[in-house]
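What's in input_8.txt: compact mmCIF, C-alpha atoms and all ligand atoms
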```
# COMPACT_ATOMS: atom_id res chain seq x y z
CA MET A 119 89.64 135.43 -25.22
CA ALA A 120 92.47 137.81 -24.25
CA ARG A 121 94.28 139.24 -27.27
CA VAL A 122 97.89 137.99 -27.48
CA PHE A 123 100.72 139.64 -29.44
CA SER A 124 104.39 138.73 -29.48
CA GLY A 125 107.35 139.32 -31.76
CA VAL A 126 110.66 137.69 -32.57
CA GLN A 127 113.58 139.53 -34.19
CA PRO A 128 115.14 137.90 -37.27
CA THR A 129 118.63 138.68 -35.99
CA GLY A 130 120.08 135.21 -36.39
CA ALA A 131 119.44 131.52 -35.90
CA LEU A 132 116.84 130.79 -33.21
CA HIS A 133 118.04 129.06 -30.05
CA ILE A 134 116.38 127.14 -27.22
CA GLY A 135 116.07 130.37 -25.18
CA ASN A 136 113.84 131.87 -27.89
CA TYR A 137 111.89 128.61 -27.98
CA LEU A 138 111.42 128.02 -24.24
CA GLY A 139 111.02 131.67 -23.28
CA ALA A 140 108.74 132.73 -26.10
CA LEU A 141 107.85 130.56 -29.12
CA ARG A 142 106.67 127.57 -27.13
CA GLN A 143 104.24 129.74 -25.20
CA PHE A 144 102.65 131.07 -28.38
CA GLU A 145 99.17 129.68 -28.61
CA ALA A 146 97.58 129.23 -32.03
CA ALA A 147 94.22 130.80 -31.31
CA PRO A 148 92.00 133.07 -33.40
CA GLY A 149 92.71 136.77 -32.93
CA HIS A 150 96.27 136.25 -31.65
CA LEU A 151 99.08 137.93 -33.56
CA TYR A 152 102.68 136.79 -34.00
CA CYS A 153 105.10 139.09 -35.70
CA ILE A 154 108.59 138.83 -37.17
CA VAL A 155 109.89 142.18 -35.99
CA ASP A 156 112.34 142.96 -38.78
CA TRP A 157 112.51 146.71 -38.09
CA HIS A 158 113.95 145.81 -34.68
CA ALA A 159 116.62 143.75 -36.40
CA ILE A 160 118.39 146.78 -37.94
CA THR A 161 119.12 148.70 -34.73
CA GLU A 162 122.62 147.19 -34.89
CA PRO A 163 124.73 147.08 -38.09
CA HIS A 164 123.26 144.22 -40.08
CA ASP A 165 123.86 142.08 -43.14
CA PRO A 166 120.96 142.44 -45.63
CA ALA A 167 121.29 138.85 -46.86
CA GLN A 168 121.15 137.62 -43.26
CA LEU A 169 118.03 139.72 -42.56
CA HIS A 170 116.32 138.16 -45.57
CA ARG A 171 117.31 134.62 -44.53
CA GLY A 172 116.53 135.29 -40.87
CA THR A 173 113.01 136.49 -41.67
CA LEU A 174 112.21 133.27 -43.56
CA HIS A 175 113.88 131.25 -40.78
CA VAL A 176 111.76 132.75 -37.98
CA ALA A 177 108.67 132.35 -40.17
CA SER A 178 109.52 128.66 -40.71
CA ALA A 179 109.62 128.13 -36.92
CA MET A 180 106.28 129.89 -36.42
CA ILE A 181 104.68 127.91 -39.26
CA ALA A 182 106.15 124.65 -37.88
CA LEU A 183 104.38 125.46 -34.62
CA GLY A 184 101.12 125.82 -36.58
CA LEU A 185 100.63 129.47 -35.65
CA HIS A 186 99.48 130.52 -39.13
CA GLU A 187 96.51 128.16 -39.07
CA GLU A 188 94.46 130.04 -36.46
CA SER A 189 96.43 133.20 -35.71
CA VAL A 190 97.81 136.09 -37.73
CA LEU A 191 101.45 135.59 -38.67
CA PHE A 192 103.14 138.55 -40.34
CA VAL A 193 106.25 140.64 -40.90
CA GLN A 194 106.40 144.00 -39.10
CA SER A 195 107.76 145.99 -42.08
CA HIS A 196 104.74 144.88 -44.16
CA VAL A 197 102.45 146.93 -41.86
CA PRO A 198 103.56 150.60 -41.88
CA ALA A 199 101.09 151.42 -39.09
CA HIS A 200 103.77 150.24 -36.60
CA VAL A 201 106.09 153.15 -37.41
CA GLU A 202 103.33 155.73 -37.36
CA LEU A 203 102.27 154.67 -33.87
CA MET A 204 105.93 154.55 -32.86
CA TRP A 205 106.19 158.27 -33.60
CA TYR A 206 103.29 158.95 -31.22
CA MET A 207 105.06 156.80 -28.60
CA THR A 208 108.31 158.70 -29.25
CA CYS A 209 106.46 161.87 -28.29
CA THR A 210 104.96 160.16 -25.20
CA GLY A 211 108.07 158.48 -23.72
CA THR A 212 111.02 160.30 -22.16
CA MET A 213 114.79 160.09 -22.57
CA GLY A 214 115.08 159.15 -18.87
CA GLU A 215 112.79 156.14 -19.31
CA LEU A 216 114.78 154.84 -22.25
CA GLN A 217 118.10 155.43 -20.47
CA ARG A 218 116.90 153.15 -17.67
CA MET A 219 116.30 150.16 -19.97
CA THR A 220 118.61 147.34 -18.87
CA GLN A 221 118.95 145.89 -22.35
CA TYR A 222 120.01 149.27 -23.78
CA LYS A 223 122.52 149.78 -20.96
CA ALA A 224 123.99 146.31 -21.54
CA LYS A 225 124.24 146.72 -25.33
CA ALA A 226 125.60 150.31 -25.18
CA LYS A 227 128.13 149.65 -22.41
CA GLY A 228 131.69 150.57 -23.33
CA ARG A 229 130.77 151.68 -26.85
CA ARG A 230 131.63 155.11 -28.30
CA SER A 231 128.49 155.34 -30.35
CA VAL A 232 125.21 153.48 -30.73
CA SER A 233 122.36 154.10 -33.16
CA VAL A 234 119.33 156.17 -32.17
CA GLY A 235 117.35 153.07 -33.19
CA LEU A 236 118.97 150.97 -30.46
CA PHE A 237 118.04 153.63 -27.91
CA ALA A 238 114.49 154.14 -29.17
CA TYR A 239 113.61 150.52 -29.95
CA PRO A 240 111.40 149.99 -26.85
CA LEU A 241 109.09 152.68 -28.29
CA LEU A 242 108.68 150.66 -31.48
CA MET A 243 108.01 147.60 -29.35
CA ALA A 244 105.36 149.56 -27.41
CA ALA A 245 103.73 150.53 -30.71
CA ASP A 246 103.78 146.87 -31.89
CA ILE A 247 101.90 145.82 -28.77
CA LEU A 248 99.46 148.73 -28.37
CA LEU A 249 98.42 148.79 -32.01
CA TYR A 250 96.41 145.58 -31.59
CA ARG A 251 94.79 146.24 -28.18
CA THR A 252 96.98 143.45 -26.79
CA GLU A 253 96.27 142.10 -23.30
CA LYS A 254 98.96 139.41 -22.98
CA VAL A 255 102.53 139.42 -24.28
CA PRO A 256 104.32 136.06 -23.96
CA VAL A 257 108.05 136.90 -23.69
CA GLY A 258 111.26 135.83 -21.99
CA GLU A 259 112.47 137.58 -18.83
CA ASP A 260 114.73 140.00 -20.80
CA GLN A 261 111.67 141.66 -22.35
CA ARG A 262 109.66 142.15 -19.13
CA GLN A 263 110.96 145.69 -18.60
CA HIS A 264 109.97 146.72 -22.13
CA VAL A 265 106.41 145.48 -21.59
CA GLU A 266 106.28 147.44 -18.30
CA LEU A 267 107.40 150.57 -20.18
CA THR A 268 104.63 149.90 -22.72
CA ARG A 269 102.06 149.90 -19.90
CA ASP A 270 103.43 153.20 -18.56
CA LEU A 271 103.24 154.81 -22.01
CA ALA A 272 99.70 153.53 -22.53
CA GLU A 273 98.59 154.86 -19.13
CA ARG A 274 100.18 158.25 -19.80
CA PHE A 275 98.54 158.54 -23.21
CA ASN A 276 95.16 157.46 -21.80
CA SER A 277 95.32 159.98 -18.99
CA ARG A 278 96.22 162.83 -21.40
CA PHE A 279 93.89 162.03 -24.28
CA GLY A 280 91.20 159.72 -22.86
CA GLU A 281 90.87 155.91 -22.72
CA THR A 282 92.50 154.58 -25.88
CA PHE A 283 94.99 151.81 -25.23
CA VAL A 284 94.59 148.49 -23.42
CA LEU A 285 97.25 147.98 -20.72
CA PRO A 286 99.24 144.85 -21.66
CA GLU A 287 100.81 142.33 -19.33
CA ALA A 288 103.94 140.20 -19.87
CA VAL A 289 103.45 136.44 -19.54
CA MET A 290 106.44 134.27 -18.68
CA PRO A 291 106.86 130.47 -18.50
CA PRO A 292 107.52 128.79 -15.11
CA ALA A 293 110.85 127.41 -16.42
CA GLY A 294 112.93 128.66 -19.35
CA ALA A 295 112.16 132.40 -19.03
CA ARG A 296 115.91 133.09 -18.95
CA VAL A 297 118.00 130.34 -20.48
CA ARG A 298 121.67 131.11 -19.94
CA SER A 299 124.66 130.81 -22.20
CA LEU A 300 126.33 127.38 -22.12
CA THR A 301 129.79 128.95 -22.08
CA LYS A 302 129.09 132.03 -19.88
CA PRO A 303 126.30 130.86 -17.57
CA LEU A 304 125.96 134.23 -15.85
CA GLU A 305 124.73 135.72 -19.14
CA LYS A 306 121.61 134.91 -21.12
CA MET A 307 121.76 132.77 -24.24
CA SER A 308 121.66 135.18 -27.17
CA LYS A 309 121.34 134.92 -30.96
CA SER A 310 124.00 137.59 -31.40
CA ASP A 311 126.64 135.82 -29.26
CA PRO A 312 129.44 135.09 -31.76
CA ASP A 313 130.46 131.94 -29.85
CA PRO A 314 128.56 129.04 -31.50
CA ASP A 315 129.08 126.83 -28.43
CA SER A 316 127.20 129.29 -26.20
CA LYS A 317 123.81 128.36 -27.65
CA ILE A 318 121.79 125.39 -28.83
CA LEU A 319 120.06 126.23 -32.09
CA LEU A 320 116.67 124.86 -33.07
CA LEU A 321 118.28 123.44 -36.23
CA ASP A 322 121.32 121.87 -34.53
CA SER A 323 121.76 118.16 -35.29
CA PRO A 324 121.51 115.68 -32.39
CA ASP A 325 125.28 115.22 -32.40
CA GLU A 326 125.88 118.95 -32.35
CA ILE A 327 123.51 119.29 -29.35
CA ARG A 328 125.31 116.47 -27.50
CA ARG A 329 128.71 118.02 -28.21
CA LYS A 330 127.69 121.49 -27.00
CA ILE A 331 126.11 120.21 -23.79
CA LYS A 332 129.14 118.02 -23.10
CA LYS A 333 131.33 121.14 -23.39
CA ALA A 334 128.99 123.36 -21.31
CA VAL A 335 130.74 125.24 -18.50
CA THR A 336 129.91 123.77 -15.09
CA ASP A 337 130.79 124.83 -11.56
CA THR A 338 133.24 123.81 -8.88
CA GLY A 339 132.14 121.00 -6.55
CA ARG A 340 130.24 117.85 -7.45
CA GLU A 341 126.79 118.34 -6.07
CA ILE A 342 123.89 118.72 -8.50
CA ARG A 343 121.60 121.34 -7.02
CA TYR A 344 119.73 124.41 -8.20
CA ASP A 345 121.56 127.52 -7.04
CA PRO A 346 121.81 130.16 -9.81
CA GLN A 347 124.27 132.31 -7.79
CA GLU A 348 126.72 129.63 -6.63
CA LYS A 349 126.15 127.10 -9.41
CA PRO A 350 124.92 128.95 -12.50
CA GLY A 351 126.09 126.32 -15.02
CA ILE A 352 124.44 123.36 -13.27
CA SER A 353 121.31 125.41 -12.50
CA ASN A 354 121.00 126.30 -16.18
CA LEU A 355 121.14 122.64 -17.21
CA LEU A 356 118.54 121.71 -14.56
CA GLU A 357 116.30 124.51 -15.76
CA ILE A 358 116.61 123.43 -19.39
CA GLN A 359 115.68 119.86 -18.46
CA SER A 360 112.75 121.07 -16.36
CA ALA A 361 111.49 123.32 -19.17
CA PHE A 362 111.60 120.49 -21.72
CA THR A 363 110.12 117.76 -19.50
CA GLY A 364 107.81 119.69 -17.17
CA GLU A 365 109.48 117.96 -14.16
CA PRO A 366 109.86 120.40 -11.24
CA ILE A 367 113.48 121.27 -10.48
CA SER A 368 113.15 119.85 -6.93
CA LYS A 369 112.28 116.45 -8.45
CA LEU A 370 115.30 116.62 -10.74
CA GLU A 371 117.56 117.44 -7.79
CA GLU A 372 116.29 114.29 -6.01
CA MET A 373 116.80 112.24 -9.16
CA TYR A 374 120.41 113.41 -9.54
CA ALA A 375 121.41 112.94 -5.88
CA GLY A 376 124.76 111.13 -5.89
CA LYS A 377 125.08 111.33 -9.70
CA THR A 378 127.92 113.02 -11.61
CA TYR A 379 127.97 116.13 -13.79
CA ARG A 380 128.64 113.83 -16.74
CA GLU A 381 125.45 111.86 -16.07
CA LEU A 382 123.46 115.11 -15.80
CA LYS A 383 124.86 116.37 -19.11
CA GLU A 384 124.08 113.10 -20.90
CA GLN A 385 120.47 113.16 -19.67
CA VAL A 386 119.94 116.82 -20.52
CA ALA A 387 121.37 116.30 -24.00
CA GLU A 388 118.91 113.45 -24.71
CA VAL A 389 115.97 115.48 -23.41
CA VAL A 390 116.90 118.42 -25.68
CA VAL A 391 117.57 116.20 -28.73
CA GLU A 392 114.16 114.52 -28.41
CA GLY A 393 112.39 117.76 -27.42
CA LEU A 394 113.60 119.56 -30.55
CA ARG A 395 113.43 116.71 -33.06
CA PRO A 396 109.83 117.18 -34.33
CA LEU A 397 110.22 120.97 -34.57
CA ARG A 398 113.55 120.72 -36.41
CA GLU A 399 112.15 118.22 -38.92
CA LYS A 400 109.11 120.40 -39.63
CA MET A 401 111.22 123.56 -39.94
CA GLU A 402 113.52 121.89 -42.46
CA ALA A 403 110.55 120.73 -44.56
CA ILE A 404 108.94 124.20 -44.49
CA ALA A 405 112.19 126.02 -45.30
CA ALA A 406 112.36 124.12 -48.59
CA HIS A 407 109.32 126.12 -49.83
CA PRO A 408 110.08 129.83 -49.39
CA GLY A 409 107.31 130.80 -51.85
CA GLU A 410 104.70 129.24 -49.56
CA ILE A 411 106.16 131.01 -46.54
CA GLU A 412 105.93 134.36 -48.33
CA GLY A 413 102.29 133.64 -49.29
CA ILE A 414 101.38 133.01 -45.64
CA LEU A 415 103.15 136.21 -44.55
CA LYS A 416 101.38 138.30 -47.20
CA GLU A 417 97.98 137.06 -46.07
CA GLY A 418 98.94 137.75 -42.44
CA ALA A 419 100.04 141.31 -43.24
CA GLU A 420 96.70 142.08 -44.87
CA LYS A 421 94.84 140.87 -41.77
CA ALA A 422 97.16 142.75 -39.39
CA ALA A 423 96.87 146.00 -41.38
CA ALA A 424 93.07 145.76 -41.26
CA LEU A 425 93.19 145.33 -37.46
CA ALA A 426 95.66 148.20 -37.02
CA GLU A 427 93.85 150.85 -39.07
CA PRO A 428 90.89 151.59 -36.71
CA MET A 429 93.31 151.91 -33.80
CA LEU A 430 95.47 154.41 -35.67
CA LYS A 431 92.42 156.35 -36.77
CA GLU A 432 91.30 156.67 -33.14
CA VAL A 433 94.78 157.76 -32.02
CA ARG A 434 95.07 160.42 -34.75
CA GLN A 435 91.65 161.75 -33.86
CA LYS A 436 92.45 161.92 -30.13
CA LEU A 437 95.68 163.76 -30.91
CA GLY A 438 93.84 166.33 -33.01
CA PHE A 439 95.06 165.50 -36.52
CA LEU A 440 92.76 166.41 -39.38
CA GLU A 441 90.97 163.43 -40.84
CA ARG A 442 92.70 162.04 -43.94
CA LEU A 443 90.97 162.40 -47.26
CA PRO A 444 90.11 159.07 -48.89
CA SER A 445 92.71 158.26 -51.56
N1 LIG A 501 118.01 133.35 -23.27
C1 LIG A 501 116.69 133.47 -23.35
N2 LIG A 501 115.88 132.78 -22.50
C2 LIG A 501 114.54 132.89 -22.59
N3 LIG A 501 113.90 133.68 -23.48
C3 LIG A 501 114.67 134.36 -24.35
N4 LIG A 501 114.37 135.20 -25.35
C4 LIG A 501 115.53 135.66 -25.92
N5 LIG A 501 116.59 135.12 -25.30
C5 LIG A 501 116.09 134.31 -24.32
C6 LIG A 501 113.02 135.54 -25.75
O1 LIG A 501 112.86 135.20 -27.12
C7 LIG A 501 111.94 136.11 -27.71
C8 LIG A 501 112.51 136.62 -29.00
O2 LIG A 501 113.66 137.37 -28.70
P1 LIG A 501 114.08 138.52 -29.69
O3 LIG A 501 114.33 137.93 -31.00
O4 LIG A 501 113.03 139.55 -29.67
O5 LIG A 501 115.39 139.17 -29.15
P2 LIG A 501 116.17 139.13 -27.81
O6 LIG A 501 115.25 139.13 -26.64
O7 LIG A 501 117.16 140.25 -27.82
O8 LIG A 501 116.84 137.71 -27.98
P3 LIG A 501 118.28 137.28 -28.42
O9 LIG A 501 118.21 135.86 -28.77
O10 LIG A 501 119.24 137.66 -27.35
O11 LIG A 501 118.59 138.11 -29.73
P4 LIG A 501 119.71 139.19 -30.01
O12 LIG A 501 121.01 138.53 -29.73
O13 LIG A 501 119.50 139.55 -31.43
O14 LIG A 501 119.48 140.38 -29.07
C9 LIG A 501 111.67 137.22 -26.69
O15 LIG A 501 110.42 137.00 -26.07
C10 LIG A 501 112.79 137.05 -25.71
O16 LIG A 501 112.41 137.46 -24.40
```

Output the file's structure as structure tokens, nothing else.
Ligand code: AQP
Amino acid sequence: MARVFSGVQPTGALHIGNYLGALRQFEAAPGHLYCIVDWHAITEPHDPAQLHRGTLHVASAMIALGLHEESVLFVQSHVPAHVELMWYMTCTGTMGELQRMTQYKAKAKGRRSVSVGLFAYPLLMAADILLYRTEKVPVGEDQRQHVELTRDLAERFNSRFGETFVLPEAVMPPAGARVRSLTKPLEKMSKSDPDPDSKILLLDSPDEIRRKIKKAVTDTGREIRYDPQEKPGISNLLEIQSAFTGEPISKLEEMYAGKTYRELKEQVAEVVVEGLRPLREKMEAIAAHPGEIEGILKEGAEKAAALAEPMLKEVRQKLGFLERLPS
């Protein structure tokens, strides 16, 4: 079975974009690894209390999805091997490659200064993936470019030092790979968007979900059709419904022929409320037992560290470092 690795940053409350683009694709199978990438969460100024809460929150979602039962579920900062391999990637990648990263350009735009961490973070992501000989990386569309960079770095390293890394591939869902903001439908839905109405959170109550979808920005005209350029708001709602129900968008367009935007919003809201209900209930129950969450994460970190060590040993050897003395 192909090795799968994916990570989620504990940068805030999870939303349906994180769920549809990534979490829902995570398969609980032996040998797969799912990581709460907390080192990535400090590239921007952060609140320590929020990081702590956010880590337990992301873990509660992964546990609610049953990922800990078969797969390895762990916190990145519990496995120091990630930063060691990142240094080797830092010496493999180039400034030009990092400057071309769309996410960096978007986050740095118009700012006087950004952290070196924000600039270099794709190298840490490459290390996360390559450390475990990962073949498939389930992610949303915004992370595709970072996985492509990871492949380039792996190929470069392999050609300089001999076959070492597996070349990973990004895997994206047919619908929901880029869920857009409800209030700015040309942008993606984002944890860090300060506008609470822009996103539907996994822990939102049914009434909150209905209210946010009712308020969602729509487009001029009355026709309900999928056209992300001309009708980004309506297209986003159709895509959300399709991702939750599995109905192709063309079928939804037929179903909504002659119907109003209000009817579309009411339907989408019910689909999202029911689609999230079991997950929300499980997450709430799990969150009440932080000690158990920490126990699961500790066990996961031990397994991940054991998988990472032989890879690091091989990399050090290929790079010419002296073998470490046993401690
Ligand atoms: N809007 C989205 N639609 C589909 N997938 C999405 N993902 C994020 N936003 C959307 C996917 O969710 C996974 C976890 O994301 P992340 O925590 O690593 O950070 P991100 O990609 O930067 O997501 P956010 O929500 O926008 O966080 P902030 O605001 O902190 O930057 C990834 O697989 C991502 O593709």

A:Val234 surroundings by all atoms listed in the file, 9 Å radius, close-in-sequence under 4 positions cut, as a ChimeraX atom specification = /A:161,238-239

If we count all atoms listed in the file, what is near A:Ile367 at a cut-off of 10 Å, once residues fewer than 6 positions away on the same chain are taken out, given as a ChimeraX atom specification?
-> /A:293,343-344,353,356-361,373

With 8 Å as the cut-off and only C-alpha atoms and all ligand atoms counted, what is the closest atom pair between each nearby residue of chain A and ligand LIG 501 (chain A)? Distances in Å to one decimal, ordered by chain and number, as CSV.
```
residue,atom,partner,partner_atom,distance
A:Ser124,CA,A:LIG501,O15,7.1
A:Gly125,CA,A:LIG501,O4,6.1
A:Val126,CA,A:LIG501,O3,4.0
A:Gln127,CA,A:LIG501,O3,3.6
A:Pro128,CA,A:LIG501,O3,6.3
A:Thr129,CA,A:LIG501,O13,4.7
A:Gly130,CA,A:LIG501,O13,6.6
A:Leu132,CA,A:LIG501,O9,6.9
A:His133,CA,A:LIG501,O9,6.9
A:Ile134,CA,A:LIG501,N2,7.4
A:Gly135,CA,A:LIG501,N2,3.6
A:Asn136,CA,A:LIG501,O1,3.6
A:Tyr137,CA,A:LIG501,O1,6.7
A:Leu138,CA,A:LIG501,C2,6.0
A:Gly139,CA,A:LIG501,N3,3.5
A:Ala140,CA,A:LIG501,O15,4.6
A:Leu141,CA,A:LIG501,C7,7.0
A:Val155,CA,A:LIG501,O4,7.5
A:Ala159,CA,A:LIG501,O13,7.1
A:Pro256,CA,A:LIG501,O15,6.5
A:Val257,CA,A:LIG501,O15,3.4
A:Gly258,CA,A:LIG501,O16,3.1
A:Glu259,CA,A:LIG501,O16,5.6
A:Asp260,CA,A:LIG501,O16,5.0
A:Gln261,CA,A:LIG501,O16,4.7
A:Arg262,CA,A:LIG501,O16,7.6
A:Gly294,CA,A:LIG501,C2,5.6
A:Ala295,CA,A:LIG501,C2,4.3
A:Arg296,CA,A:LIG501,N2,3.6
A:Val297,CA,A:LIG501,N2,3.8
A:Arg298,CA,A:LIG501,N1,5.4
A:Ser299,CA,A:LIG501,N1,7.2
A:Lys306,CA,A:LIG501,N1,4.5
A:Met307,CA,A:LIG501,N1,3.9
A:Ser308,CA,A:LIG501,O10,3.5
A:Lys309,CA,A:LIG501,O12,3.8
A:Ser310,CA,A:LIG501,O12,3.6
A:Asp311,CA,A:LIG501,O12,6.3
```

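Atom to atom, atom CA of A:Arg274 and atom CA of A:Met207 stand 10.2 Å apart.
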
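Going from atom CA of A:Arg229 over to atom CA of A:Met213, you cover 18.6 Å.
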
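Residues in contact with A:Tyr206 at 10 Å, where all atoms listed in the file are counted and same-chain residues fewer than 5 positions away are skipped, are listed as Val201, Gly211, Leu241, Leu242, Ala245, Phe275, Val433, Arg434 and Leu437 of chain A.
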
Using all atoms listed in the file, what residues lie at most 12 Å away from (93.9, 148.3, -36.3) (file coordinates), given as number ranges by chain?
-> A: 151, 197-200, 203, 245-252, 283, 419-433

Please write as a PyMOL selection string the list of polymer residues whose atoms come within 12 Å of (126.5, 115.4, -14.8), counting only C-alpha atoms and keeping to the coordinates of the file.
-> chain A and resi 331-337+339-343+351-353+355-356+370-371+373-387

Compare A:Pro286, A:Gly228, A:Gly280, A:Gly172 by their minimum atom-to-atom distance to A:Met243, counting only C-alpha atoms, and give me the closest one.
->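 Looking only at the distances to A:Met243, the closest residue turns out to be A:Pro286.
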
Looking at A:Asp315, A:Gly418, A:Met219, A:Ile160, which one is nearest to A:Arg328, with distances taken over only C-alpha atoms?
-> A:Asp315

note - atom CA of A:Pro314 and atom CA of A:Phe144 are separated by 26.2 Å

The residue from A:Leu300, A:Glu417, A:His264, A:Thr363 with the smallest atom-to-atom distance to A:Ala288, counting all atoms listed in the file, is A:His264

If we count all atoms listed in the file, what is near A:Gly184 at a cut-off of 12 Å, once residues fewer than 2 positions away on the same chain are taken out, given as a list in words?
-> Leu141, Arg142, Phe144, Glu145, Ala146, Ala147, Tyr152, Ala177, Ser178, Ala179, Met180, Ile181, Ala182, His186, Glu187, Glu188, Ser189, Val190, Leu191, Leu397, Lys400, Met401, Ile404 and Ile414 of chain A

Distance query A:Arg218 at most 12 Å, only C-alpha atoms, self and fewer than 2 positions along chain excluded, as a JSON list (two decimals) with C-alpha atoms, in the coordinates of the input:
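Written out: selection.json:
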```json
[["chain", "number", "residue", "atom", "x", "y", "z"],
["A", 211, "GLY", "CA", 108.07, 158.48, -23.72],
["A", 212, "THR", "CA", 111.02, 160.30, -22.16],
["A", 213, "MET", "CA", 114.79, 160.09, -22.57],
["A", 214, "GLY", "CA", 115.08, 159.15, -18.87],
["A", 215, "GLU", "CA", 112.79, 156.14, -19.31],
["A", 216, "LEU", "CA", 114.78, 154.84, -22.25],
["A", 220, "THR", "CA", 118.61, 147.34, -18.87],
["A", 221, "GLN", "CA", 118.95, 145.89, -22.35],
["A", 222, "TYR", "CA", 120.01, 149.27, -23.78],
["A", 223, "LYS", "CA", 122.52, 149.78, -20.96],
["A", 224, "ALA", "CA", 123.99, 146.31, -21.54],
["A", 226, "ALA", "CA", 125.60, 150.31, -25.18],
["A", 237, "PHE", "CA", 118.04, 153.63, -27.91],
["A", 238, "ALA", "CA", 114.49, 154.14, -29.17],
["A", 240, "PRO", "CA", 111.40, 149.99, -26.85],
["A", 263, "GLN", "CA", 110.96, 145.69, -18.60],
["A", 264, "HIS", "CA", 109.97, 146.72, -22.13],
["A", 267, "LEU", "CA", 107.40, 150.57, -20.18]]
```

Padding 6 Å on each side, edges along x, y and z: where is the centre of the box around the listed atoms of stretch 161-165 of chain A, and how long are its edges in Å to one decimal? Output it as lines of an AutoDock Vina configuration file.
```
center_x = 121.9
center_y = 145.4
center_z = -38.9
size_x = 17.6
size_y = 18.6
size_z = 20.4
```

Need a file for stretch 196-207 of chain A from that block: N, CA and C atoms, written as a tab-separated table (two decimals), in the first residue's frame.
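Everything below was put into result_24.tsv:
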```tsv
chain	number	residue	atom	x	y	z
A	196	HIS	N	7.18	16.99	18.28
A	196	HIS	CA	7.60	15.87	19.14
A	196	HIS	C	8.63	14.99	18.42
A	197	VAL	N	8.89	15.28	17.14
A	197	VAL	CA	9.83	14.44	16.37
A	197	VAL	C	10.90	15.37	15.78
A	198	PRO	N	11.99	15.59	16.50
A	198	PRO	CA	13.00	16.56	16.06
A	198	PRO	C	13.63	16.25	14.70
A	199	ALA	N	13.50	15.01	14.25
A	199	ALA	CA	14.06	14.64	12.93
A	199	ALA	C	13.57	15.58	11.82
A	200	HIS	N	12.36	16.14	11.97
A	200	HIS	CA	11.82	17.02	10.92
A	200	HIS	C	12.73	18.24	10.69
A	201	VAL	N	13.23	18.81	11.80
A	201	VAL	CA	14.05	20.03	11.61
A	201	VAL	C	15.45	19.68	11.10
A	202	GLU	N	15.94	18.52	11.47
A	202	GLU	CA	17.26	18.14	10.94
A	202	GLU	C	17.17	17.97	9.41
A	203	LEU	N	16.15	17.24	8.96
A	203	LEU	CA	16.02	17.06	7.51
A	203	LEU	C	15.72	18.39	6.82
A	204	MET	N	15.01	19.28	7.52
A	204	MET	CA	14.74	20.59	6.92
A	204	MET	C	16.06	21.31	6.61
A	205	TRP	N	17.04	21.18	7.48
A	205	TRP	CA	18.31	21.87	7.22
A	205	TRP	C	18.93	21.34	5.92
A	206	TYR	N	18.85	20.02	5.72
A	206	TYR	CA	19.41	19.46	4.48
A	206	TYR	C	18.62	19.98	3.26
A	207	MET	N	17.30	20.15	3.45
A	207	MET	CA	16.48	20.70	2.35
A	207	MET	C	16.80	22.19	2.13
```
